[in-house]
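Chemist: Before anything else, here's the structure in question.
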Amino acid sequence: MPDTSLAAPPAALRLAIDCAALRGNWQALDRLSGVARAGAAVKADAYGVGAAVAVPELLAAGCRDFFVAHPGEAGEIAALVDPACVSVLHGPLRDEDAAWLRTLGVKPVINSLAQARRWIAAGGGRCDLMVDTGINRLGLPVAELGDEAVRALKIDVLLSHLASAEEASPLNALQLARWQEACAQVPHARASLANSAGIALGPDYHGALTRPGLALYGGIPCESLAGAIRPVVQPQAAIMQVRTIAAGDSVGYNATFTARHAMRVGTIALGYADGYLRCWSGTGVMEGGGRQMPVLGRVSMDMTVIDLTAAPELGEGDWVTAQYHLPDAAVASGLSQYELLTLLGRRFGR
Ligand SMILES: *Cc1c(COP(=O)(O)O)cnc(C)c1O
């Protein structure tokens with residue numbers, strides 16, 4: 001039997017994470033939140049950045065409130081921060097969820113009267129309450145807030161979520177009014193409405209706690225945040241093999257690139273299974289040593305071929321960095337900045 005306790009060598013692909021930029025982004029969003037304090041959405045492994053890296057940085061920056069989506073995500077975060085400051089957005093769907101969240105000592109976000117009753121029946125304790133003010137996704141409608149199950153809850157954060165915060169939509173003011181109505185009706189310790197883009201809507205939207213996610217990780221949901229937010233994530237991969245191809249040779253699946261002249265190409269350990277999607281076939285660009293190296297042909301599952309003509313000094317084992325500036329990459333790929341982050345795969349060293 002091999003000794004599987006030995007650590008595997010580091011992967012030939014890694015996410016370079018600018019921890020100072022991550023901390024700086026939280027601090028900028030906290031300042032922009034005025035008298036409110038900024039928390040952090042760290043669901044989906046901190047938007048693909050890696051919660052094990054991101055959460056300690058956010059904590060060091062001053063963040064205290066952390067939001068995950070699934071009960072199954074709460075354990076990892078609760079081991080890194082005060083569990084009483086972790087909120088689980090999906091709430092207790094089943095009795096076993098309620099029991100699990102109580103065991104961890106984290107807060108469920110109660111989304112329905114059934115969840116409120118389930119939480120109380122499980123023993124209750126501090127929780128958050130989501131009010132649906134117009135996104136029609138999760139949360140109690142304002143009309144149900146008078147129910148006795150709501151009155152029995154010990155509510156820390158009373159929250160709602162904006163549907164169109166990054167747009168000048170009439171829905172924003174409507175949701176604001178309904179959220180204020182809910183806050184007046186239900187006793188709670190802290191009110192919360194704004195996600196990243198909501199912070200830019202101004203103080204009326206801030207309450208006591210804001211909940212940025214995307215902008216922490218370098219996403220820019222609206223122009224007014226562009227000056228405050230720095231990029232955080234850069235996918236990087238090592239060159240595994242270099243070859244010289246002749247005029248007429250093709251590269252990759254389906255031979256979608258054909259060389260017009262002899263050229264030096266490199267194969268890197270980054271593919272669509274890592275979230276470097278096939279939309280970058282023939283359009284993506286890698287950088288290294290100040291040079292730009294276009295992607296040639298199709299992106300494969302585990303590798304991508306790049307043109308090394310501009311970088312004759314690069315060879316096997318050298319690292320290159322994918323151009324992945326989120327707002328630009330979203331325009332180029334037709335994907336949202338949220339997707340571009342959360343699809344970054346598990347094989348990256350972080
Ligand atoms: C994901 C999420 C956030 C963060 O939103 P961003 O647009 O990424 O800033 C805030 N609140 C809730 C309820 C969420 O689900």
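In the structure tokens, the first chain shown is A, the next is B, and so on; residue numbers restart at 1 for each chain, and ligands run from 1 in the order shown.
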Can you pull out the residues contacting Ile239 (chain A)? Cut-off 7 Å, using only C-alpha atoms, and skip same-chain residues under 6 positions away; I want them as number ranges by chain.

Modeler: A: 266-269, 315-319

Chemist: Any idea what's packed within 10 Å of Pro235 (chain A), counting only C-alpha atoms, ignoring anything in its chain fewer than 4 positions away? Could you give it as a list in words?

Modeler: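 Near neighbours after the sequence-gap exclusion: Leu13, Arg14, Leu15, Ala16, Ile17, Leu270, Asp274, Gly275, Tyr276, Met286, Val320, Thr321, Ala322, Gln323, Tyr324, Leu344, Phe348, Gly349 and Arg350 of chain A.
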
Chemist: Taking only C-alpha atoms and all ligand atoms into account, which residues are within 10 Å of ligand 1, as a VMD selection string?

Modeler: chain A and resid 39 to 44 46 to 47 67 to 69 87 to 90 109 130 138 to 139 159 to 166 192 to 199 210 to 217 219 to 221 337 to 338

Chemist: Output the selection as a short mmCIF file (atom, residue, chain, number, x, y, z; two decimals), in the first residue's frame - N, CA and C atoms for each residue.

Modeler:
data_model
loop_
_atom_site.label_atom_id
_atom_site.label_comp_id
_atom_site.auth_asym_id
_atom_site.auth_seq_id
_atom_site.Cartn_x
_atom_site.Cartn_y
_atom_site.Cartn_z
N GLY A 39 -20.37 43.24 6.35
CA GLY A 39 -20.09 41.83 6.58
C GLY A 39 -19.45 41.28 5.32
N ALA A 40 -19.59 39.97 5.10
CA ALA A 40 -19.03 39.37 3.90
C ALA A 40 -19.83 38.13 3.51
N ALA A 41 -20.22 38.06 2.23
CA ALA A 41 -20.80 36.83 1.69
C ALA A 41 -19.63 35.91 1.32
N VAL A 42 -19.57 34.75 1.96
CA VAL A 42 -18.47 33.81 1.72
C VAL A 42 -19.01 32.45 1.26
N LYS A 43 -20.25 32.47 0.74
CA LYS A 43 -20.85 31.25 0.21
C LYS A 43 -20.07 30.75 -1.00
N ALA A 44 -20.36 29.49 -1.39
CA ALA A 44 -19.70 28.89 -2.55
C ALA A 44 -18.17 29.04 -2.46
N ALA A 46 -16.32 31.11 -0.75
CA ALA A 46 -15.93 32.50 -0.95
C ALA A 46 -15.84 32.81 -2.45
N TYR A 47 -16.95 32.50 -3.15
CA TYR A 47 -17.09 32.80 -4.58
C TYR A 47 -15.98 32.15 -5.41
N PHE A 67 -21.66 35.29 5.75
CA PHE A 67 -22.87 34.66 5.21
C PHE A 67 -22.50 33.51 4.28
N VAL A 68 -23.06 32.32 4.56
CA VAL A 68 -22.94 31.19 3.63
C VAL A 68 -24.35 30.85 3.15
N ALA A 69 -24.44 29.99 2.14
CA ALA A 69 -25.75 29.61 1.62
C ALA A 69 -26.24 28.32 2.29
N SER A 87 -24.05 33.35 9.41
CA SER A 87 -25.47 33.23 9.03
C SER A 87 -25.59 32.28 7.85
N VAL A 88 -26.61 31.41 7.90
CA VAL A 88 -26.81 30.40 6.86
C VAL A 88 -28.06 30.77 6.07
N LEU A 89 -27.86 31.30 4.87
CA LEU A 89 -28.93 31.95 4.12
C LEU A 89 -30.08 31.01 3.75
N HIS A 90 -29.79 29.75 3.45
CA HIS A 90 -30.86 28.87 3.03
C HIS A 90 -31.76 28.44 4.18
N VAL A 109 -30.80 31.70 8.76
CA VAL A 109 -31.62 32.79 8.25
C VAL A 109 -33.00 32.16 8.01
N MET A 130 -35.12 36.63 7.01
CA MET A 130 -35.14 37.17 5.64
C MET A 130 -36.57 37.56 5.28
N LEU A 138 -36.34 33.78 -1.75
CA LEU A 138 -36.44 33.25 -0.40
C LEU A 138 -36.91 34.37 0.52
N GLY A 139 -37.58 34.01 1.62
CA GLY A 139 -37.94 35.00 2.62
C GLY A 139 -39.44 35.10 2.85
N LEU A 159 -33.09 40.92 7.45
CA LEU A 159 -32.51 41.26 6.16
C LEU A 159 -33.49 41.09 5.02
N SER A 160 -33.17 41.77 3.94
CA SER A 160 -33.86 41.55 2.68
C SER A 160 -32.80 41.66 1.59
N HIS A 161 -33.15 41.26 0.38
CA HIS A 161 -32.15 41.21 -0.69
C HIS A 161 -32.67 41.92 -1.93
N LEU A 162 -31.85 42.79 -2.50
CA LEU A 162 -32.25 43.60 -3.65
C LEU A 162 -32.11 42.80 -4.95
N ALA A 163 -33.09 42.98 -5.83
CA ALA A 163 -33.09 42.25 -7.10
C ALA A 163 -32.25 42.93 -8.17
N SER A 164 -32.17 44.25 -8.12
CA SER A 164 -31.57 45.01 -9.24
C SER A 164 -30.68 46.14 -8.75
N ALA A 165 -29.92 45.87 -7.68
CA ALA A 165 -29.15 46.96 -7.06
C ALA A 165 -28.16 47.61 -8.02
N GLU A 166 -27.68 46.87 -9.02
CA GLU A 166 -26.68 47.42 -9.93
C GLU A 166 -27.30 48.24 -11.07
N SER A 192 -30.48 44.92 7.61
CA SER A 192 -29.51 44.75 6.52
C SER A 192 -30.24 44.59 5.19
N LEU A 193 -29.78 45.31 4.17
CA LEU A 193 -30.41 45.24 2.86
C LEU A 193 -29.41 45.12 1.71
N ALA A 194 -28.29 45.83 1.82
CA ALA A 194 -27.44 46.03 0.64
C ALA A 194 -26.44 44.90 0.41
N ASN A 195 -26.37 44.44 -0.84
CA ASN A 195 -25.24 43.64 -1.31
C ASN A 195 -24.18 44.62 -1.83
N SER A 196 -23.19 44.14 -2.60
CA SER A 196 -22.12 45.03 -3.07
C SER A 196 -22.70 46.26 -3.75
N ALA A 197 -23.53 46.04 -4.78
CA ALA A 197 -24.05 47.16 -5.55
C ALA A 197 -24.99 48.02 -4.71
N GLY A 198 -25.69 47.40 -3.76
CA GLY A 198 -26.60 48.13 -2.89
C GLY A 198 -25.88 49.16 -2.03
N ILE A 199 -24.61 48.89 -1.71
CA ILE A 199 -23.83 49.84 -0.91
C ILE A 199 -23.73 51.17 -1.65
N THR A 210 -24.09 45.78 6.03
CA THR A 210 -24.16 45.49 4.59
C THR A 210 -23.53 44.12 4.33
N ARG A 211 -23.87 43.57 3.16
CA ARG A 211 -23.47 42.18 2.87
C ARG A 211 -22.78 42.07 1.51
N PRO A 212 -21.63 42.70 1.32
CA PRO A 212 -20.97 42.57 0.02
C PRO A 212 -20.41 41.17 -0.20
N GLY A 213 -20.43 40.75 -1.45
CA GLY A 213 -19.77 39.50 -1.85
C GLY A 213 -18.87 39.81 -3.03
N LEU A 214 -19.46 39.92 -4.20
CA LEU A 214 -18.71 40.09 -5.45
C LEU A 214 -17.57 41.11 -5.37
N ALA A 215 -17.87 42.28 -4.84
CA ALA A 215 -16.86 43.36 -4.85
C ALA A 215 -15.68 43.04 -3.94
N LEU A 216 -15.89 42.23 -2.91
CA LEU A 216 -14.76 41.83 -2.06
C LEU A 216 -13.69 41.15 -2.89
N TYR A 217 -14.18 40.34 -3.86
CA TYR A 217 -13.28 39.47 -4.62
C TYR A 217 -12.84 40.11 -5.94
N GLY A 219 -14.86 41.89 -8.12
CA GLY A 219 -15.91 42.15 -9.10
C GLY A 219 -16.39 43.59 -8.98
N ILE A 220 -16.80 44.15 -10.09
CA ILE A 220 -17.27 45.54 -10.10
C ILE A 220 -18.69 45.56 -10.66
N PRO A 221 -19.70 45.54 -9.78
CA PRO A 221 -21.09 45.43 -10.25
C PRO A 221 -21.62 46.73 -10.86
N GLN A 337 -19.72 38.29 -13.97
CA GLN A 337 -18.54 38.26 -13.10
C GLN A 337 -18.71 37.22 -12.00
N TYR A 338 -19.94 37.01 -11.54
CA TYR A 338 -20.22 36.00 -10.51
C TYR A 338 -19.86 34.61 -11.02
#

Chemist: I want to know what sits within 9 Å of Val55 (chain A), based on only C-alpha atoms, with residues of the same chain fewer than 5 positions away left out; could you give that as a list in words?

Modeler: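 So, after excluding close chain neighbours, the residues are Ala40, Val42, Ala46, Gly50, Ala60, Cys63, Phe66, Ile77, Leu80 and Val81 of chain A.
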
Chemist: Keeping N, CA, C and O atoms for every residue in the selection just given, could you write it to a file as an mmCIF file, in the first residue's frame?

Modeler:
data_model
loop_
_atom_site.group_PDB
_atom_site.id
_atom_site.type_symbol
_atom_site.label_atom_id
_atom_site.label_comp_id
_atom_site.auth_asym_id
_atom_site.auth_seq_id
_atom_site.Cartn_x
_atom_site.Cartn_y
_atom_site.Cartn_z
ATOM 1 N N ALA A 40 -19.592 39.971 5.099
ATOM 2 C CA ALA A 40 -19.026 39.367 3.896
ATOM 3 C C ALA A 40 -19.833 38.133 3.506
ATOM 4 O O ALA A 40 -20.088 37.262 4.344
ATOM 5 N N VAL A 42 -19.568 34.750 1.964
ATOM 6 C CA VAL A 42 -18.466 33.805 1.718
ATOM 7 C C VAL A 42 -19.013 32.447 1.257
ATOM 8 O O VAL A 42 -18.341 31.424 1.353
ATOM 9 N N ALA A 46 -16.320 31.109 -0.747
ATOM 10 C CA ALA A 46 -15.934 32.505 -0.954
ATOM 11 C C ALA A 46 -15.842 32.807 -2.451
ATOM 12 O O ALA A 46 -14.839 33.317 -2.954
ATOM 13 N N GLY A 50 -11.768 30.598 -2.367
ATOM 14 C CA GLY A 50 -11.271 29.685 -1.330
ATOM 15 C C GLY A 50 -11.523 30.291 0.044
ATOM 16 O O GLY A 50 -10.846 31.240 0.445
ATOM 17 N N ALA A 60 -9.107 39.537 9.570
ATOM 18 C CA ALA A 60 -7.996 40.432 9.907
ATOM 19 C C ALA A 60 -8.289 41.870 9.489
ATOM 20 O O ALA A 60 -7.851 42.830 10.135
ATOM 21 N N CYS A 63 -13.709 42.395 9.431
ATOM 22 C CA CYS A 63 -15.043 41.836 9.175
ATOM 23 C C CYS A 63 -15.442 40.904 10.316
ATOM 24 O O CYS A 63 -14.616 40.134 10.805
ATOM 25 N N PHE A 66 -20.424 36.876 8.657
ATOM 26 C CA PHE A 66 -20.137 36.044 7.482
ATOM 27 C C PHE A 66 -21.396 35.293 7.056
ATOM 28 O O PHE A 66 -22.104 34.728 7.899
ATOM 29 N N ILE A 77 -16.644 27.509 7.948
ATOM 30 C CA ILE A 77 -16.532 28.913 8.350
ATOM 31 C C ILE A 77 -16.558 29.031 9.879
ATOM 32 O O ILE A 77 -15.814 29.815 10.474
ATOM 33 N N LEU A 80 -13.387 28.875 11.629
ATOM 34 C CA LEU A 80 -12.428 29.962 11.384
ATOM 35 C C LEU A 80 -12.783 31.243 12.134
ATOM 36 O O LEU A 80 -11.920 32.098 12.351
ATOM 37 N N VAL A 81 -14.079 31.425 12.455
ATOM 38 C CA VAL A 81 -14.531 32.671 13.093
ATOM 39 C C VAL A 81 -15.477 32.323 14.233
ATOM 40 O O VAL A 81 -15.813 31.158 14.435
#

Chemist: For Ala99 (chain A), please output as a PyMOL selection string all residues within 7 Å (counting only C-alpha atoms; exclusion window: fewer than 4 positions along the same chain).

Modeler: chain A and resi 95+103+122

Chemist: Using C-alpha atoms, can you export the residues from the last selection as an mmCIF file, in the first residue's frame?

Modeler:
data_model
loop_
_atom_site.group_PDB
_atom_site.id
_atom_site.type_symbol
_atom_site.label_atom_id
_atom_site.label_comp_id
_atom_site.auth_asym_id
_atom_site.auth_seq_id
_atom_site.Cartn_x
_atom_site.Cartn_y
_atom_site.Cartn_z
ATOM 1 C CA ASP A 95 -35.226 19.174 11.066
ATOM 2 C CA THR A 103 -24.737 22.034 17.088
ATOM 3 C CA ALA A 122 -35.562 22.491 17.644
#

Chemist: Grab the CA of Asp302 (chain A) to CA of Val251 (chain A) distance for me, in Å with one decimal place.

Modeler: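 Value for the CA of Asp302 (chain A)-CA of Val251 (chain A) distance: 14.9 Å.
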
Chemist: Apply DSSP to the backbone of this structure and, from region 122-196 of chain A, keep only the residues in strand (DSSP E); write these as a ChimeraX atom specification.

Modeler: /A:126-132,140-141,154-159,190-192

Chemist: Between CA of Glu313 (chain A) and CA of Arg243 (chain A), what is the spacing in Å?

Modeler: 13.5 Å

Chemist: Where does DSSP see helix (DSSP H, G or I) in region 32-236 of chain A, if you list the residues as a ChimeraX atom specification?

Modeler: /A:32,43-47,51-61,71-78,83-85,95-104,113-121,142-144,148-151,170-185,196-199,203-205,214-217,223-225

Chemist: Do a neighbour search on region 183-191 of chain A at 10 Å with only C-alpha atoms, toss out local chain neighbours closer than 5 positions, and write the hits as number ranges by chain.

Modeler: A: 36, 127-129, 131, 142, 145-146, 150-151, 153-160, 177-178, 205-210
